[in-house]
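**Q** Quick one: the structure is below, questions incoming.
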Amino acid sequence: MRSFSARFAAILFALAIASCSEGKQQAAAPPPPQVTIDHPTQRTVIDYDEYVGRFVPIESVEVRSRVSGYLDSVHFTDGQIVNQGDLLFTIDKRPFQTALDQAKATLAQARANLAFAQSDLGRAQQLVRDRTITEQTFDQRTQAKRVAEAAVAAQEAAVRQANLDLEFTELRAPVTGRIGDRRVSPGNLVTGGTGGNTTLLATIVTYDPIRFEFTFDEASYLRYQRLAKTGSDVTNPSGGVDVTLKLLDEDSFQHAGRMDFVDNVIDRATGTIRGRAVFSNPTGVLTPGMFARIRVPGSSAYEALLVPEVAIGTEQTRKFVSVVDADNVVHQKYVKLGEAVGDLRVIREGLTPSDRLVTKGLVKARPGQKVKPLEAPPPQASPPPGQASPQAAVAPPASGSKAD
């Protein structure tokens with residue numbers, strides 16, 4: 001009996017020790033992890049589409065001579081900016097000056113013949129009234145006057161043509177722009193005229209303003225047609241829609257321009273249609289043939305929810321965000337993404353303005369786990385005058401149609 005009592009007392013002692021140990025373990029359980037939460041940002045945004053294209057000059061002129069002759073001199077430096085009317089090339093004028101002098105002499109002779117024919121006809125008019133000469137003789141003198149008048153008109157035209165040929169020996173810039181390098185050096189024979197074997201002397205392209213050509217697919221064209229009903233018609237042939245552009249070495253769309261043309265047919269081979277925009281180019285940096293990316297409005301303005309890019313997770317092909325419910329328990333919400341706006345991303349579906357979004361501490365925020373949410377600090381106040389605003393660095397929306 002005494003042995004049984006001793007064993008019972010030992011069991012009670014062991015249970016008491018275990019109960020104390022369990023209480024200590026429960027007291028040492030870690031608190032819920034802290035996470036930072038915030039509500040989605042509401043903002044008016046516009047979806048944009050991006051396309052790659054090339055710059056093309058508004059005017060491109062091949063300088064060719066209208067007359068043949070030996071090139072006498074060149075009056076420009078390769079690659080310089082030339083103004084409309086500037087002298088570019090001079091062809092040897094001596095043969096053309098001689099031809100002009102000959103034409104003038106022939107004209108003087110024709111005018112002398114005309115004067116004689118007129119006076120002869122005047123005398124014949126009195127003689128025919130007096131019946132001194134026959135009607136046939138009078139008709140012959142009348143015909144002679146008409147022939148003399150035609151000869152004068154022909155020689156006047158020959159003088160004008162000779163004057164033109166002499167003027168054509170000076171080749172002047174038809175437009176203002178940048179000229180390329182000379183293709184012919186002085187002393188070489190230049191073939192002129194209107195045929196296909198004329199000599200190319202140089203090329204001039206305009207650079208300010210400059211055009212940008214790109215193509216977009218048929219689906220985008222239809223979407224722009226629907227968008228036209230809201231007043232922003234990208235496909236209007238007369239253009240007028242504001243667009244922006246960035247070069248290959250630039251991070252933001254900093255060049256502003258306007259659409260000025262959309263083609264009237266869709267290419268059957270590629271299923272695309274050609275669009276064109278105009279950009280100012282006072283510095284001449286934008287060069288014909290250069291590649292760039294253009295951003296075109298792809299929707300009308302609408303209210304959207306935006307969340308930080310860092311708050312978006314990926315599960316295979318689906319995107320999700322972590323939200324905290326009223327009981328401070330973490331849940332995942334699958335969302336559909338839109339375009340990027342700086343470091344924010346538009347959420348098209350799957351989120352409401354009242355959702356409490358986990359923005360920091362995502363590693364600790366496991367689905368089904370209880371957390372201790374901390375409200376995100378309010379945005380910084382506007383900086384004093386003279387300093388850049390924090391929002392000024394936010395890039396405009398990127399391509400909405402190409403979002404993941």
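Each chain of the structure tokens is named A, B, ... in the order shown, its residues numbered from 1; ligands are numbered from 1 in display order.
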Could you pull out the residues in region 242-330 of chain A that DSSP calls strand (DSSP E) from the backbone, as an mmCIF file with C-alpha atoms, in the first residue's frame?
**A**
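Contents of part_20.cif, freshly written:
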```
data_model
loop_
_atom_site.group_PDB
_atom_site.id
_atom_site.type_symbol
_atom_site.label_atom_id
_atom_site.label_comp_id
_atom_site.auth_asym_id
_atom_site.auth_seq_id
_atom_site.Cartn_x
_atom_site.Cartn_y
_atom_site.Cartn_z
ATOM 1 C CA ASP A 242 -1.414 63.819 -79.240
ATOM 2 C CA VAL A 243 1.307 61.139 -79.177
ATOM 3 C CA THR A 244 4.698 60.822 -77.496
ATOM 4 C CA LEU A 245 7.935 59.199 -78.563
ATOM 5 C CA LYS A 246 11.234 58.005 -77.134
ATOM 6 C CA LEU A 247 14.516 57.157 -78.805
ATOM 7 C CA HIS A 255 9.118 63.951 -77.419
ATOM 8 C CA ALA A 256 5.590 65.243 -78.043
ATOM 9 C CA GLY A 257 3.916 65.203 -81.442
ATOM 10 C CA ARG A 258 0.592 64.773 -83.205
ATOM 11 C CA MET A 259 -0.887 62.219 -85.569
ATOM 12 C CA ASP A 260 -1.338 63.682 -89.057
ATOM 13 C CA PHE A 261 -2.196 60.735 -91.302
ATOM 14 C CA VAL A 262 -3.498 57.151 -91.376
ATOM 15 C CA THR A 272 -1.329 46.115 -90.835
ATOM 16 C CA ILE A 273 -2.066 49.723 -91.703
ATOM 17 C CA ARG A 274 0.366 52.629 -91.844
ATOM 18 C CA GLY A 275 0.130 55.602 -89.489
ATOM 19 C CA ARG A 276 2.167 58.809 -89.376
ATOM 20 C CA ALA A 277 2.895 61.489 -86.786
ATOM 21 C CA VAL A 278 4.720 64.827 -86.927
ATOM 22 C CA PHE A 279 7.320 65.985 -84.396
ATOM 23 C CA PHE A 291 14.279 53.907 -85.139
ATOM 24 C CA ALA A 292 12.125 54.955 -82.173
ATOM 25 C CA ARG A 293 9.108 53.873 -80.125
ATOM 26 C CA ILE A 294 5.842 55.803 -80.289
ATOM 27 C CA ARG A 295 3.034 55.738 -77.738
ATOM 28 C CA VAL A 296 -0.539 56.181 -78.968
ATOM 29 C CA PRO A 297 -3.654 56.601 -76.767
ATOM 30 C CA TYR A 302 -11.173 56.156 -66.954
ATOM 31 C CA GLU A 303 -10.934 55.682 -63.182
ATOM 32 C CA ALA A 304 -8.620 52.832 -62.201
ATOM 33 C CA LEU A 305 -7.154 51.177 -59.107
ATOM 34 C CA LEU A 306 -3.359 51.125 -58.901
ATOM 35 C CA VAL A 307 -1.098 49.145 -56.582
ATOM 36 C CA PRO A 308 2.697 49.102 -56.170
ATOM 37 C CA GLY A 313 3.055 38.192 -56.837
ATOM 38 C CA THR A 314 3.123 35.478 -59.480
ATOM 39 C CA GLU A 315 1.721 31.977 -59.249
ATOM 40 C CA ARG A 318 -1.610 34.042 -62.603
ATOM 41 C CA LYS A 319 -0.980 37.283 -60.730
ATOM 42 C CA PHE A 320 -2.128 37.866 -57.154
ATOM 43 C CA VAL A 321 -1.968 40.339 -54.284
ATOM 44 C CA SER A 322 -2.159 39.720 -50.527
ATOM 45 C CA VAL A 323 -4.981 41.405 -48.583
ATOM 46 C CA VAL A 324 -5.841 41.473 -44.896
ATOM 47 C CA VAL A 330 -4.071 37.199 -44.896
#
```
**Q** Neighbours of region 137-146 of chain A within 12 Å (only C-alpha atoms; same-chain residues fewer than 2 positions away dropped), as a ChimeraX atom specification?
**A** /A:110-129,131-135,148-153
**Q** Enter the distance from CA of Gln225 (chain A) to CA of Ser300 (chain A), in Å, rounded to one decimal.
**A** 12.2 Å
**Q** Return as a PyMOL selection string the full set of residues in region 15-238 of chain A whose backbone-based DSSP assignment is alpha helix (DSSP H).
**A** chain A and resi 15-27+94-129+135-167+218-227
**Q** At what distance in Å, to one decimal, does CA of Asp47 (chain A) lie from CA of Asp249 (chain A)?
**A** 23.4 Å
**Q** Taking only C-alpha atoms into account, name the residue in A:Asn328, A:Ser354, A:Thr203, A:Thr41 that is nearest to Pro367 (chain A).
**A**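 Answer, going by the shortest atom-to-atom distance: A:Asn328.
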**Q** Between A:Leu222, A:Gln369, A:Asp251, A:Ala105, which has the minimum distance to Gly342 (chain A) (counting only C-alpha atoms)?
**A**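 Nearest to Gly342 (chain A): A:Asp251.
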**Q** Of the residues A:Thr270, A:Ser280, A:Gln34, A:Asn83, which is the one nearest to Thr176 (chain A), using only C-alpha atoms?
**A**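 Under the stated criterion, the closest residue is A:Asn83.
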**Q** I'd like the interatomic distance between CA of Arg66 (chain A) and CA of Leu107 (chain A), to a tenth of an Å.
**A** 24.2 Å
